[in-house]
$ cat input05.cif   # mmCIF, C-alpha atoms (C1' of nucleotides); chains and numbers go by the auth columns
data_my_file
#
loop_
_atom_site.group_PDB
_atom_site.id
_atom_site.type_symbol
_atom_site.label_atom_id
_atom_site.label_comp_id
_atom_site.label_asym_id
_atom_site.label_seq_id
_atom_site.Cartn_x
_atom_site.Cartn_y
_atom_site.Cartn_z
_atom_site.B_iso_or_equiv
_atom_site.auth_seq_id
_atom_site.auth_asym_id
ATOM 1 C CA MET A 1 20.044 -12.342 -68.561 0.00 1 R
ATOM 2 C CA PRO A 2 16.838 -14.371 -68.252 0.00 2 R
ATOM 3 C CA GLU A 3 17.497 -17.942 -69.268 0.00 3 R
ATOM 4 C CA ASP A 4 14.876 -19.153 -71.679 0.00 4 R
ATOM 5 C CA GLY A 5 16.345 -22.581 -72.221 0.00 5 R
ATOM 6 C CA TYR A 6 18.283 -21.778 -75.348 0.00 6 R
ATOM 7 C CA GLN A 7 21.897 -20.802 -75.671 0.00 7 R
ATOM 8 C CA TRP A 8 22.592 -17.417 -77.181 0.00 8 R
ATOM 9 C CA LYS A 9 25.676 -15.656 -78.348 0.00 9 R
ATOM 10 C CA LYS A 10 25.824 -11.928 -78.007 0.00 10 R
ATOM 11 C CA TYR A 11 27.049 -10.365 -81.205 0.00 11 R
ATOM 12 C CA GLY A 12 26.346 -6.719 -80.644 0.00 12 R
ATOM 13 C CA GLN A 13 25.062 -4.054 -78.367 0.00 13 R
ATOM 14 C CA LYS A 14 24.092 -0.490 -79.163 0.00 14 R
ATOM 15 C CA PHE A 15 22.184 2.345 -77.674 0.00 15 R
ATOM 16 C CA ILE A 16 19.080 3.206 -79.676 0.00 16 R
ATOM 17 C CA LYS A 17 18.489 6.882 -79.350 0.00 17 R
ATOM 18 C CA ASN A 18 15.160 6.641 -81.067 0.00 18 R
ATOM 19 C CA ILE A 19 13.734 5.008 -77.984 0.00 19 R
ATOM 20 C CA GLN A 20 16.514 5.969 -75.614 0.00 20 R
ATOM 21 C CA LYS A 21 17.161 2.343 -74.835 0.00 21 R
ATOM 22 C CA ILE A 22 20.022 -0.102 -74.907 0.00 22 R
ATOM 23 C CA ARG A 23 19.624 -3.001 -77.270 0.00 23 R
ATOM 24 C CA SER A 24 21.618 -6.229 -77.217 0.00 24 R
ATOM 25 C CA TYR A 25 21.723 -8.601 -80.152 0.00 25 R
ATOM 26 C CA PHE A 26 21.819 -12.333 -79.521 0.00 26 R
ATOM 27 C CA ARG A 27 21.934 -15.224 -81.934 0.00 27 R
ATOM 28 C CA CYS A 28 21.229 -18.914 -81.451 0.00 28 R
ATOM 29 C CA ARG A 29 24.447 -20.914 -81.205 0.00 29 R
ATOM 30 C CA ASP A 30 23.108 -23.638 -83.381 0.00 30 R
ATOM 31 C CA LYS A 31 24.329 -23.208 -86.898 0.00 31 R
ATOM 32 C CA ARG A 32 21.232 -24.783 -88.271 0.00 32 R
ATOM 33 C CA CYS A 33 19.231 -22.263 -86.347 0.00 33 R
ATOM 34 C CA CYS A 34 18.534 -18.836 -87.663 0.00 34 R
ATOM 35 C CA ALA A 35 16.706 -17.781 -84.548 0.00 35 R
ATOM 36 C CA LYS A 36 17.735 -14.448 -83.120 0.00 36 R
ATOM 37 C CA LYS A 37 16.927 -12.582 -79.971 0.00 37 R
ATOM 38 C CA LYS A 38 17.001 -8.888 -79.191 0.00 38 R
ATOM 39 C CA VAL A 39 16.958 -7.478 -75.709 0.00 39 R
ATOM 40 C CA GLU A 40 16.365 -3.863 -74.878 0.00 40 R
ATOM 41 C CA TRP A 41 16.106 -2.064 -71.579 0.00 41 R
ATOM 42 C CA HIS A 42 16.002 1.458 -70.245 0.00 42 R
ATOM 43 C CA PRO A 43 19.206 2.749 -68.753 0.00 43 R
ATOM 44 C CA GLY A 44 18.532 2.631 -65.061 0.00 44 R
ATOM 45 C CA ASP A 45 15.422 0.481 -65.357 0.00 45 R
ATOM 46 C CA PRO A 46 15.172 -3.124 -64.207 0.00 46 R
ATOM 47 C CA SER A 47 12.587 -4.058 -66.767 0.00 47 R
ATOM 48 C CA LEU A 48 13.691 -5.327 -70.136 0.00 48 R
ATOM 49 C CA ARG A 49 12.023 -6.374 -73.343 0.00 49 R
ATOM 50 C CA ILE A 50 13.083 -9.492 -75.198 0.00 50 R
ATOM 51 C CA VAL A 51 12.169 -9.771 -78.837 0.00 51 R
ATOM 52 C CA TYR A 52 12.577 -13.133 -80.507 0.00 52 R
ATOM 53 C CA ASP A 53 13.297 -13.055 -84.203 0.00 53 R
ATOM 54 C CA GLY A 54 12.812 -16.152 -86.277 0.00 54 R
ATOM 55 C CA ALA A 55 12.413 -19.701 -84.995 0.00 55 R
ATOM 56 C CA HIS A 56 14.660 -22.543 -83.921 0.00 56 R
ATOM 57 C CA GLN A 57 15.081 -25.262 -86.503 0.00 57 R
ATOM 58 C CA HIS A 58 16.499 -27.802 -84.146 0.00 58 R
ATOM 59 C CA GLY A 59 13.511 -28.091 -81.899 0.00 59 R
ATOM 60 C CA SER A 60 13.381 -27.344 -78.236 0.00 60 R
ATOM 61 C CA PRO A 61 15.894 -26.376 -75.632 0.00 61 R
ATOM 62 C CA SER A 62 18.204 -29.022 -74.376 0.00 62 R
ATOM 63 C CA SER A 63 16.971 -28.341 -70.897 0.00 63 R
ATOM 64 C CA THR A 64 13.942 -29.815 -69.216 0.00 64 R
ATOM 65 C CA GLY A 65 14.185 -32.370 -71.930 0.00 65 R
ATOM 66 C CA GLY A 66 11.320 -34.423 -72.894 0.00 66 R
ATOM 67 C CA GLN A 67 10.016 -31.961 -75.307 0.00 67 R
ATOM 68 C CA GLY A 68 12.300 -33.088 -78.015 0.00 68 R
ATOM 69 C CA ALA A 69 9.491 -34.962 -79.556 0.00 69 R
ATOM 70 C CA GLY A 70 7.748 -32.242 -81.266 0.00 70 R
ATOM 71 C CA ASP A 71 10.746 -30.739 -82.812 0.00 71 R
ATOM 72 C CA GLY A 72 12.110 -31.921 -85.511 0.00 72 R
ATOM 73 C CA GLU A 73 13.086 -31.174 -88.725 0.00 73 R
ATOM 74 C CA GLY A 74 9.544 -31.616 -89.721 0.00 74 R
ATOM 75 C CA VAL A 75 8.848 -28.390 -88.090 0.00 75 R
ATOM 76 C CA GLY A 76 9.792 -26.874 -91.375 0.00 76 R
ATOM 77 C CA ASN A 77 10.252 -23.182 -91.138 0.00 77 R
ATOM 78 C CA ARG A 78 7.898 -21.239 -89.016 0.00 78 R
ATOM 79 C CA TYR A 79 8.626 -17.626 -88.465 0.00 79 R
ATOM 80 C CA GLU A 80 7.128 -16.341 -85.310 0.00 80 R
ATOM 81 C CA LEU A 81 8.195 -13.184 -83.607 0.00 81 R
ATOM 82 C CA SER A 82 7.522 -12.962 -79.939 0.00 82 R
ATOM 83 C CA ALA A 83 8.030 -10.078 -77.598 0.00 83 R
ATOM 84 C CA GLN A 84 8.352 -10.835 -73.925 0.00 84 R
ATOM 85 C CA TYR A 85 8.257 -8.008 -71.481 0.00 85 R
ATOM 86 C CA PHE A 86 10.022 -8.448 -68.172 0.00 86 R
ATOM 87 C CA GLY A 87 8.802 -5.935 -65.658 0.00 87 R
ATOM 88 C CA GLY A 88 10.435 -7.403 -62.626 0.00 88 R
ATOM 89 C CA PRO A 89 9.682 -5.375 -59.507 0.00 89 R
ATOM 90 C CA PRO A 90 5.996 -4.460 -59.304 0.00 90 R
ATOM 91 C CA ARG A 91 6.597 -1.071 -57.824 0.00 91 R
ATOM 92 C CA SER A 92 3.337 -0.262 -56.140 0.00 92 R
ATOM 93 C CA ASP A 93 4.258 3.258 -55.719 0.00 93 R
ATOM 94 C "C1'" DA B 1 40.665 -26.288 -76.781 0.00 1 X
ATOM 95 C "C1'" DG B 2 36.345 -24.402 -76.788 0.00 2 X
ATOM 96 C "C1'" DC B 3 33.197 -21.029 -75.429 0.00 3 X
ATOM 97 C "C1'" DC B 4 31.740 -16.560 -74.066 0.00 4 X
ATOM 98 C "C1'" DT B 5 31.817 -11.475 -73.828 0.00 5 X
ATOM 99 C "C1'" DT B 6 33.055 -6.618 -75.264 0.00 6 X
ATOM 100 C "C1'" DT B 7 33.979 -2.781 -78.523 0.00 7 X
ATOM 101 C "C1'" DG B 8 34.790 -0.294 -83.173 0.00 8 X
ATOM 102 C "C1'" DA B 9 33.868 0.100 -87.899 0.00 9 X
ATOM 103 C "C1'" DC B 10 31.274 -0.849 -91.977 0.00 10 X
ATOM 104 C "C1'" DC B 11 27.207 -1.211 -94.709 0.00 11 X
ATOM 105 C "C1'" DA B 12 22.424 -0.168 -96.301 0.00 12 X
ATOM 106 C "C1'" DG B 13 17.902 2.582 -96.514 0.00 13 X
ATOM 107 C "C1'" DC B 14 15.801 7.100 -95.900 0.00 14 X
ATOM 108 C "C1'" DG B 15 14.895 12.182 -96.123 0.00 15 X
ATOM 109 C "C1'" DT C 1 24.744 13.093 -102.380 0.00 1 H
ATOM 110 C "C1'" DC C 2 25.328 13.426 -97.403 0.00 2 H
ATOM 111 C "C1'" DG C 3 24.412 12.423 -92.624 0.00 3 H
ATOM 112 C "C1'" DC C 4 21.920 9.502 -89.478 0.00 4 H
ATOM 113 C "C1'" DT C 5 20.347 5.265 -87.588 0.00 5 H
ATOM 114 C "C1'" DG C 6 20.039 0.272 -87.037 0.00 6 H
ATOM 115 C "C1'" DG C 7 22.129 -4.092 -87.606 0.00 7 H
ATOM 116 C "C1'" DT C 8 26.130 -7.255 -88.201 0.00 8 H
ATOM 117 C "C1'" DC C 9 30.912 -8.942 -88.269 0.00 9 H
ATOM 118 C "C1'" DA C 10 35.668 -9.596 -86.335 0.00 10 H
ATOM 119 C "C1'" DA C 11 39.686 -9.973 -82.727 0.00 11 H
ATOM 120 C "C1'" DA C 12 41.354 -10.708 -78.154 0.00 12 H
ATOM 121 C "C1'" DG C 13 41.258 -12.274 -73.126 0.00 13 H
ATOM 122 C "C1'" DG C 14 39.655 -15.355 -69.287 0.00 14 H
ATOM 123 C "C1'" DC C 15 37.666 -19.731 -67.270 0.00 15 H
#

$ encode --input "input05.cif" --output "structure tokens"
Amino acid sequence: MPEDGYQWKKYGQKFIKNIQKIRSYFRCRDKRCCAKKKVEWHPGDPSLRIVYDGAHQHGSPSSTGGQGAGDGEGVGNRYELSAQYFGGPPRSD
DNA sequence: AGCCTTTGACCAGCG
DNA sequence: TCGCTGGTCAAAGGC
């Protein structure tokens, strides 16, 4: 599980036959945070795709601090979906 | 004591 | 209306 700085709670995991992939459902632990994260990967493949749903309403991760400035409640509610693709091993073959 | 993780069942939208 | 799929919730065990 690639740490992105936030804390997530897994609340589900199912195999999507449509894409033949395993999908895990994660949710931000913060109660004032409706941010969600979905992770899917091929069975037997090291690469995985992380799809962020919603945004954090409590600002930035507790880690690497310092960024807490821009957070805020002023952030209002921005809804940005991001999809990060982790293709670990660059198999040259 | 609190937190996390895992699995089954239920519900809702579609054809 | 039924069956299927995708998504979410709940309970228990270990550190």

$ interface_residues --input "input05.cif" --of "chain R" --to "chain X" --cutoff "9 Å" --atoms "only C-alpha atoms (C1' of nucleotides)" --output "number ranges by chain"
R: 9-13

$ resolve_selection --input "input05.cif" --expression "the PyMOL selection byres ((chain R and resi 8) around 8)" --output "number ranges by chain"
R: 6-7, 9-10, 26-29, 37

$ closest_atom_pairs --input "input05.cif" --of "chain H" --to "chain R" --cutoff "12 Å" --atoms "all atoms listed in the file" --output "tab-separated table"
residue	atom	partner	partner_atom	distance
H:DC4	C1'	R:Lys17	CA	11.0
H:DT5	C1'	R:Ile16	CA	8.3
H:DG6	C1'	R:Ile16	CA	8.0
H:DG7	C1'	R:Gly12	CA	8.6
H:DT8	C1'	R:Gly12	CA	7.6
H:DC9	C1'	R:Tyr11	CA	8.2
H:DA10	C1'	R:Tyr11	CA	10.1

$ atom_distance --input "input05.cif" --atom1 "atom CA of R:Ala83" --atom2 "atom CA of R:Gly44"
20.7 Å

$ atom_distance --input "input05.cif" --atom1 "atom CA of R:Gln84" --atom2 "atom CA of R:Lys38"
10.3 Å

$ atom_distance --input "input05.cif" --atom1 "atom CA of R:His56" --atom2 "atom CA of R:Phe86"
21.6 Å

$ resolve_selection --input "input05.cif" --expression "the PyMOL selection byres ((chain R and resi 82) around 6)" --output "PyMOL selection string"
chain R and resi 51-52+81+83
